[in-house]
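Structure data follow from query.cif (mmCIF, C-alpha atoms and all ligand atoms; chains and numbers go by the auth columns):
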data_work
loop_
_atom_site.group_PDB
_atom_site.id
_atom_site.type_symbol
_atom_site.label_atom_id
_atom_site.label_comp_id
_atom_site.label_asym_id
_atom_site.label_seq_id
_atom_site.Cartn_x
_atom_site.Cartn_y
_atom_site.Cartn_z
_atom_site.B_iso_or_equiv
_atom_site.auth_seq_id
_atom_site.auth_asym_id
ATOM 1 C CA MET A 1 62.055 -145.740 -78.889 0.00 835 A
ATOM 2 C CA LEU A 2 58.663 -144.736 -77.626 0.00 836 A
ATOM 3 C CA ARG A 3 57.728 -141.179 -78.473 0.00 837 A
ATOM 4 C CA TYR A 4 54.891 -139.285 -76.827 0.00 838 A
ATOM 5 C CA SER A 5 53.035 -136.496 -78.523 0.00 839 A
ATOM 6 C CA HIS A 6 52.481 -133.296 -76.575 0.00 840 A
ATOM 7 C CA LEU A 7 48.841 -134.233 -76.357 0.00 841 A
ATOM 8 C CA ALA A 8 49.617 -137.600 -74.784 0.00 842 A
ATOM 9 C CA ILE A 9 51.945 -135.979 -72.264 0.00 843 A
ATOM 10 C CA ALA A 10 49.299 -133.388 -71.409 0.00 844 A
ATOM 11 C CA ALA A 11 46.750 -136.184 -70.931 0.00 845 A
ATOM 12 C CA LEU A 12 49.135 -138.046 -68.598 0.00 846 A
ATOM 13 C CA LEU A 13 49.779 -134.922 -66.525 0.00 847 A
ATOM 14 C CA LEU A 14 46.092 -134.131 -66.335 0.00 848 A
ATOM 15 C CA GLY A 15 45.391 -137.688 -65.185 0.00 849 A
ATOM 16 C CA ALA A 16 48.007 -137.461 -62.446 0.00 850 A
ATOM 17 C CA ALA A 17 46.702 -134.065 -61.321 0.00 851 A
ATOM 18 C CA SER A 18 43.102 -135.258 -61.113 0.00 852 A
ATOM 19 C CA GLN A 19 44.183 -138.318 -59.133 0.00 853 A
ATOM 20 C CA ALA A 20 45.996 -136.077 -56.668 0.00 854 A
ATOM 21 C CA PHE A 21 42.875 -133.925 -56.463 0.00 855 A
ATOM 22 C CA ALA A 22 40.648 -136.929 -55.816 0.00 856 A
ATOM 23 C CA ALA A 23 42.940 -138.029 -52.975 0.00 857 A
ATOM 24 C CA GLU A 24 42.543 -134.640 -51.300 0.00 858 A
ATOM 25 C CA GLU A 25 39.883 -135.183 -48.651 0.00 859 A
ATOM 26 C CA SER A 26 37.921 -132.293 -47.209 0.00 860 A
ATOM 27 C CA LYS A 27 38.566 -131.348 -43.590 0.00 861 A
ATOM 28 C CA ALA A 28 34.939 -132.072 -42.707 0.00 862 A
ATOM 29 C CA ASP A 29 35.101 -135.580 -44.203 0.00 863 A
ATOM 30 C CA ALA A 30 38.406 -136.269 -42.446 0.00 864 A
ATOM 31 C CA ALA A 31 36.962 -135.130 -39.087 0.00 865 A
ATOM 32 C CA ILE A 32 33.845 -137.271 -39.550 0.00 866 A
ATOM 33 C CA LYS A 33 35.931 -140.337 -40.411 0.00 867 A
ATOM 34 C CA TYR A 34 38.231 -139.682 -37.475 0.00 868 A
ATOM 35 C CA ARG A 35 35.450 -139.357 -34.908 0.00 869 A
ATOM 36 C CA GLN A 36 33.537 -142.324 -36.282 0.00 870 A
ATOM 37 C CA SER A 37 36.743 -144.383 -36.041 0.00 871 A
ATOM 38 C CA THR A 38 37.117 -143.461 -32.392 0.00 872 A
ATOM 39 C CA MET A 39 33.466 -144.402 -31.781 0.00 873 A
ATOM 40 C CA THR A 40 34.110 -147.752 -33.465 0.00 874 A
ATOM 41 C CA LEU A 41 36.959 -148.324 -31.023 0.00 875 A
ATOM 42 C CA VAL A 42 34.912 -147.205 -28.020 0.00 876 A
ATOM 43 C CA LYS A 43 32.209 -149.655 -29.044 0.00 877 A
ATOM 44 C CA ALA A 44 34.764 -152.443 -29.583 0.00 878 A
ATOM 45 C CA TYR A 45 36.048 -152.092 -26.018 0.00 879 A
ATOM 46 C CA PHE A 46 32.855 -151.095 -24.240 0.00 880 A
ATOM 47 C CA GLY A 47 30.780 -153.816 -25.935 0.00 881 A
ATOM 48 C CA PRO A 48 32.483 -156.735 -24.121 0.00 882 A
ATOM 49 C CA LEU A 49 32.402 -154.822 -20.822 0.00 883 A
ATOM 50 C CA GLY A 50 28.656 -154.258 -21.191 0.00 884 A
ATOM 51 C CA ALA A 51 28.220 -157.950 -22.038 0.00 885 A
ATOM 52 C CA MET A 52 30.252 -158.990 -18.961 0.00 886 A
ATOM 53 C CA SER A 53 28.213 -156.715 -16.728 0.00 887 A
ATOM 54 C CA GLN A 54 25.082 -158.472 -17.954 0.00 888 A
ATOM 55 C CA ASP A 55 26.573 -161.986 -17.681 0.00 889 A
ATOM 56 C CA LYS A 56 26.453 -162.388 -21.452 0.00 890 A
ATOM 57 C CA LEU A 57 30.227 -162.921 -21.465 0.00 891 A
ATOM 58 C CA PRO A 58 32.291 -164.608 -18.753 0.00 892 A
ATOM 59 C CA PHE A 59 33.740 -162.090 -16.337 0.00 893 A
ATOM 60 C CA ASP A 60 37.456 -161.552 -16.917 0.00 894 A
ATOM 61 C CA LYS A 61 39.044 -159.117 -14.470 0.00 895 A
ATOM 62 C CA ALA A 62 42.247 -158.693 -16.493 0.00 896 A
ATOM 63 C CA LYS A 63 40.243 -157.780 -19.594 0.00 897 A
ATOM 64 C CA VAL A 64 38.054 -155.373 -17.673 0.00 898 A
ATOM 65 C CA GLU A 65 41.145 -153.568 -16.390 0.00 899 A
ATOM 66 C CA GLN A 66 42.754 -153.528 -19.820 0.00 900 A
ATOM 67 C CA TYR A 67 39.653 -152.375 -21.696 0.00 901 A
ATOM 68 C CA ALA A 68 38.806 -149.741 -19.095 0.00 902 A
ATOM 69 C CA GLY A 69 42.301 -148.330 -19.539 0.00 903 A
ATOM 70 C CA ILE A 70 41.888 -148.255 -23.305 0.00 904 A
ATOM 71 C CA LEU A 71 38.533 -146.475 -22.942 0.00 905 A
ATOM 72 C CA ALA A 72 40.158 -143.949 -20.621 0.00 906 A
ATOM 73 C CA THR A 73 42.761 -143.296 -23.303 0.00 907 A
ATOM 74 C CA LEU A 74 40.102 -143.025 -26.015 0.00 908 A
ATOM 75 C CA SER A 75 38.143 -140.559 -23.881 0.00 909 A
ATOM 76 C CA ALA A 76 41.247 -138.374 -23.682 0.00 910 A
ATOM 77 C CA LEU A 77 42.312 -138.317 -27.340 0.00 911 A
ATOM 78 C CA PRO A 78 43.959 -134.959 -27.965 0.00 912 A
ATOM 79 C CA ILE A 79 42.562 -134.229 -31.431 0.00 913 A
ATOM 80 C CA ASP A 80 39.218 -132.402 -31.527 0.00 914 A
ATOM 81 C CA SER A 81 36.679 -134.821 -33.044 0.00 915 A
ATOM 82 C CA PHE A 82 34.045 -132.172 -33.744 0.00 916 A
ATOM 83 C CA PRO A 83 35.836 -129.149 -35.208 0.00 917 A
ATOM 84 C CA ALA A 84 33.795 -126.215 -36.526 0.00 918 A
ATOM 85 C CA GLY A 85 32.924 -126.860 -40.142 0.00 919 A
ATOM 86 C CA SER A 86 32.394 -130.603 -39.690 0.00 920 A
ATOM 87 C CA GLU A 87 28.651 -130.299 -39.004 0.00 921 A
ATOM 88 C CA LYS A 88 28.097 -131.875 -42.420 0.00 922 A
ATOM 89 C CA GLY A 89 30.405 -133.888 -44.604 0.00 923 A
ATOM 90 C CA ASP A 90 31.131 -133.385 -48.273 0.00 924 A
ATOM 91 C CA HIS A 91 30.926 -137.109 -48.944 0.00 925 A
ATOM 92 C CA GLU A 92 30.749 -138.664 -45.485 0.00 926 A
ATOM 93 C CA LYS A 93 27.441 -139.104 -43.696 0.00 927 A
ATOM 94 C CA THR A 94 27.115 -137.951 -40.112 0.00 928 A
ATOM 95 C CA ARG A 95 24.398 -138.273 -37.476 0.00 929 A
ATOM 96 C CA ALA A 96 25.953 -135.594 -35.318 0.00 930 A
ATOM 97 C CA LYS A 97 23.263 -133.141 -34.186 0.00 931 A
ATOM 98 C CA ALA A 98 23.718 -129.371 -34.608 0.00 932 A
ATOM 99 C CA ASP A 99 23.457 -129.015 -30.802 0.00 933 A
ATOM 100 C CA ILE A 100 27.055 -130.248 -30.561 0.00 934 A
ATOM 101 C CA TRP A 101 28.114 -126.885 -31.950 0.00 935 A
ATOM 102 C CA THR A 102 25.234 -124.679 -30.755 0.00 936 A
ATOM 103 C CA ASP A 103 25.365 -126.014 -27.172 0.00 937 A
ATOM 104 C CA SER A 104 29.017 -126.939 -26.985 0.00 938 A
ATOM 105 C CA ALA A 105 29.215 -126.442 -23.182 0.00 939 A
ATOM 106 C CA LYS A 106 26.558 -129.115 -22.637 0.00 940 A
ATOM 107 C CA PHE A 107 28.279 -131.359 -25.165 0.00 941 A
ATOM 108 C CA LYS A 108 31.620 -130.947 -23.395 0.00 942 A
ATOM 109 C CA GLN A 109 29.928 -131.780 -20.094 0.00 943 A
ATOM 110 C CA ALA A 110 28.494 -134.975 -21.573 0.00 944 A
ATOM 111 C CA HIS A 111 31.902 -135.954 -22.892 0.00 945 A
ATOM 112 C CA ASP A 112 33.615 -135.115 -19.593 0.00 946 A
ATOM 113 C CA LYS A 113 31.118 -137.314 -17.780 0.00 947 A
ATOM 114 C CA PHE A 114 32.109 -140.229 -20.023 0.00 948 A
ATOM 115 C CA ALA A 115 35.784 -139.555 -19.258 0.00 949 A
ATOM 116 C CA GLN A 116 35.116 -139.308 -15.506 0.00 950 A
ATOM 117 C CA GLU A 117 33.065 -142.483 -15.257 0.00 951 A
ATOM 118 C CA THR A 118 35.637 -144.311 -17.375 0.00 952 A
ATOM 119 C CA ALA A 119 38.481 -143.132 -15.117 0.00 953 A
ATOM 120 C CA LYS A 120 36.431 -144.352 -12.158 0.00 954 A
ATOM 121 C CA LEU A 121 35.981 -147.728 -13.854 0.00 955 A
ATOM 122 C CA VAL A 122 39.774 -148.044 -14.116 0.00 956 A
ATOM 123 C CA GLN A 123 39.989 -147.608 -10.332 0.00 957 A
ATOM 124 C CA VAL A 124 37.038 -149.858 -9.497 0.00 958 A
ATOM 125 C CA ALA A 125 38.369 -152.579 -11.820 0.00 959 A
ATOM 126 C CA LYS A 126 41.664 -152.599 -9.909 0.00 960 A
ATOM 127 C CA GLY A 127 39.712 -153.177 -6.696 0.00 961 A
ATOM 128 C CA GLY A 128 38.251 -156.393 -8.087 0.00 962 A
ATOM 129 C CA ASP A 129 34.820 -156.166 -6.436 0.00 963 A
ATOM 130 C CA LEU A 130 32.611 -157.804 -9.073 0.00 964 A
ATOM 131 C CA LYS A 131 29.395 -156.096 -8.028 0.00 965 A
ATOM 132 C CA ALA A 132 31.041 -152.662 -7.920 0.00 966 A
ATOM 133 C CA ILE A 133 32.644 -153.275 -11.323 0.00 967 A
ATOM 134 C CA LYS A 134 29.308 -154.218 -12.895 0.00 968 A
ATOM 135 C CA THR A 135 27.677 -151.135 -11.406 0.00 969 A
ATOM 136 C CA GLN A 136 30.477 -148.927 -12.744 0.00 970 A
ATOM 137 C CA ILE A 137 30.305 -150.467 -16.228 0.00 971 A
ATOM 138 C CA GLY A 138 26.620 -149.536 -16.115 0.00 972 A
ATOM 139 C CA ALA A 139 27.538 -145.982 -15.117 0.00 973 A
ATOM 140 C CA VAL A 140 29.863 -145.691 -18.114 0.00 974 A
ATOM 141 C CA GLY A 141 27.140 -147.085 -20.418 0.00 975 A
ATOM 142 C CA LYS A 142 24.724 -144.450 -19.146 0.00 976 A
ATOM 143 C CA THR A 143 27.111 -141.708 -20.212 0.00 977 A
ATOM 144 C CA CYS A 144 27.284 -143.219 -23.725 0.00 978 A
ATOM 145 C CA LYS A 145 23.520 -143.333 -23.951 0.00 979 A
ATOM 146 C CA ALA A 146 22.917 -139.882 -22.455 0.00 980 A
ATOM 147 C CA CYS A 147 25.221 -138.247 -24.998 0.00 981 A
ATOM 148 C CA HIS A 148 23.742 -140.213 -27.899 0.00 982 A
ATOM 149 C CA ASP A 149 20.206 -139.305 -26.805 0.00 983 A
ATOM 150 C CA ASP A 150 21.018 -135.607 -26.825 0.00 984 A
ATOM 151 C CA PHE A 151 23.565 -135.282 -29.593 0.00 985 A
ATOM 152 C CA LYS A 152 23.126 -138.097 -32.117 0.00 986 A
ATOM 153 C CA GLU A 153 20.330 -138.475 -34.659 0.00 987 A
ATOM 154 C CA LYS A 154 18.586 -141.813 -34.403 0.00 988 A
HETATM 155 C C1 LIG B . 27.357 -149.708 -26.666 0.00 1001 A
HETATM 156 C C2 LIG B . 27.041 -148.797 -27.707 0.00 1001 A
HETATM 157 C C3 LIG B . 26.445 -147.730 -27.156 0.00 1001 A
HETATM 158 C C4 LIG B . 26.385 -147.893 -25.699 0.00 1001 A
HETATM 159 C C5 LIG B . 25.027 -147.703 -25.110 0.00 1001 A
HETATM 160 C C6 LIG B . 25.072 -147.942 -23.626 0.00 1001 A
HETATM 161 O O1 LIG B . 27.932 -150.773 -26.775 0.00 1001 A
HETATM 162 O O2 LIG B . 27.276 -148.944 -28.997 0.00 1001 A
HETATM 163 O O3 LIG B . 26.025 -146.680 -27.785 0.00 1001 A
HETATM 164 O O4 LIG B . 26.900 -149.204 -25.455 0.00 1001 A
HETATM 165 O O5 LIG B . 24.127 -148.574 -25.699 0.00 1001 A
HETATM 166 O O6 LIG B . 23.831 -147.694 -23.073 0.00 1001 A
#
Could you spell out this file's structure in structure tokens?
Amino acid sequence: MLRYSHLAIAALLLGAASQAFAAEESKADAAIKYRQSTMTLVKAYFGPLGAMSQDKLPFDKAKVEQYAGILATLSALPIDSFPAGSEKGDHEKTRAKADIWTDSAKFKQAHDKFAQETAKLVQVAKGGDLKAIKTQIGAVGKTCKACHDDFKEK
């Protein structure tokens, strides 16, 4: 029969405790990972739309409608991506500018503009007018850029 000394048991417990501690992520790091994940998704769905609007990808009306809808959902995610205290991460890097928190009204406006133009894209995409769709994809892209210019470090 295997017998453990008290010391060995203590070492095992300490190991388990430190593993649990290491798995505990700070709230700031979790928020940074969460918002960067949503940005990754926004890019994944806006990228092809931008490419279609510039004739770098074949136009696909069904995809435009689908991706616009996904972007509309992403723009309306209910969890706050930039909670107080997530200005800096403990381990995660962030390029979020302090203005997000010091000028939160302007930041909210920039985000709302993205949501509005995306909602409009959903409508325009349903209409099927290629020129209008391309113009509206451009309008959404402008809201991405405007917010990045003001609120994201280069
Ligand atoms: C993208 C992306 C952005 C926007 C912006 C649009 O695909 O990653 O930040 O489009 O470039 O102007």
Residues of chain A at most 7 Å from ligand LIG 1001 (chain A): nearest atom pair and distance in Å, all atoms listed in the file, as a Markdown table:
| residue | atom | partner | partner_atom | distance |
| --- | --- | --- | --- | --- |
| A:Lys877 | CA | A:LIG1001 | O1 | 5.0 |
| A:Phe880 | CA | A:LIG1001 | O1 | 5.5 |
| A:Gly881 | CA | A:LIG1001 | O1 | 4.3 |
| A:Gly884 | CA | A:LIG1001 | O1 | 6.6 |
| A:Gly975 | CA | A:LIG1001 | C6 | 3.9 |
| A:Lys976 | CA | A:LIG1001 | O6 | 5.2 |
| A:Cys978 | CA | A:LIG1001 | C4 | 5.2 |
| A:Lys979 | CA | A:LIG1001 | O6 | 4.5 |
| A:His982 | CA | A:LIG1001 | O3 | 6.9 |
- Given the file above and the PyMOL selection byres (((chain A and resi 932-948) around 8) and not hetatm), which residues are selected, and can you give them as a list in words? Ser909, Phe916, Ala918, Glu921, Ala930, Lys931, Ala949, Gln950, Glu951, Thr952, Val974, Thr977, Cys978, Ala980, Cys981 and Phe985 of chain A
- Between A:Glu858, A:Ile967, A:Ile866, A:Lys895, which is the closest to A:Thr928 once you count only C-alpha atoms?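 Selected residue with least distance to A:Thr928: A:Ile866.
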- Task: Could you give me, as an MDAnalysis selection string, the residues within 8 Å of A:Tyr879, counting all atoms listed in the file and dropping anything in the same chain fewer than 4 positions from it?
- Result: chainID A and resid 875 883 901:902 904:905
- Residues returned when the PyMOL selection byres (((chain A and resi 955) around 9) and not hetatm) runs on this file, as a list in words: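 Selected by the PyMOL selection byres (((chain A and resi 955) around 9) and not hetatm) here: Val898, Glu899, Ala902, Gly903, Ala906, Gln950, Glu951, Thr952, Ala953, Lys954, Val956, Gln957, Val958, Ala959, Lys960, Ile967, Gln970, Ile971, Ala973 and Val974 of chain A.
Taking atom CA of A:Lys867 as the reference point, atom CA of A:Met886 is found at 29.0 Å.
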- Which residue gives the smallest distance to A:Gln888 among A:Gly919, A:Asp983, A:Pro912, A:Leu964, with only C-alpha atoms counted? A:Leu964
- Message: What's the separation between atom CA of A:Ser871 and atom CA of A:Asp889, in Å to one decimal place?
- Response: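 If I compute the distance from atom CA of A:Ser871 to atom CA of A:Asp889, I get 27.4 Å.
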- Evaluate the PyMOL selection byres (((chain A and resi 862) around 7) and not hetatm) on the structure here and hand back the selected residues as a PyMOL selection string. chain A and resi 860-861+863-866+919-920+922-924
- Item | Gap from atom CA of A:Asp984 to atom CA of A:Thr907 - Å, one decimal |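 Rounded to one decimal, the two atoms are 23.3 Å apart.
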- Message: From the options A:Leu908, A:Asp914, A:Glu926, A:Ala966, which residue's atoms come nearest to A:Thr874, counting only C-alpha atoms?
- Response: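 Comparing A:Leu908, A:Asp914, A:Glu926, A:Ala966 against A:Thr874, the winner is A:Leu908.
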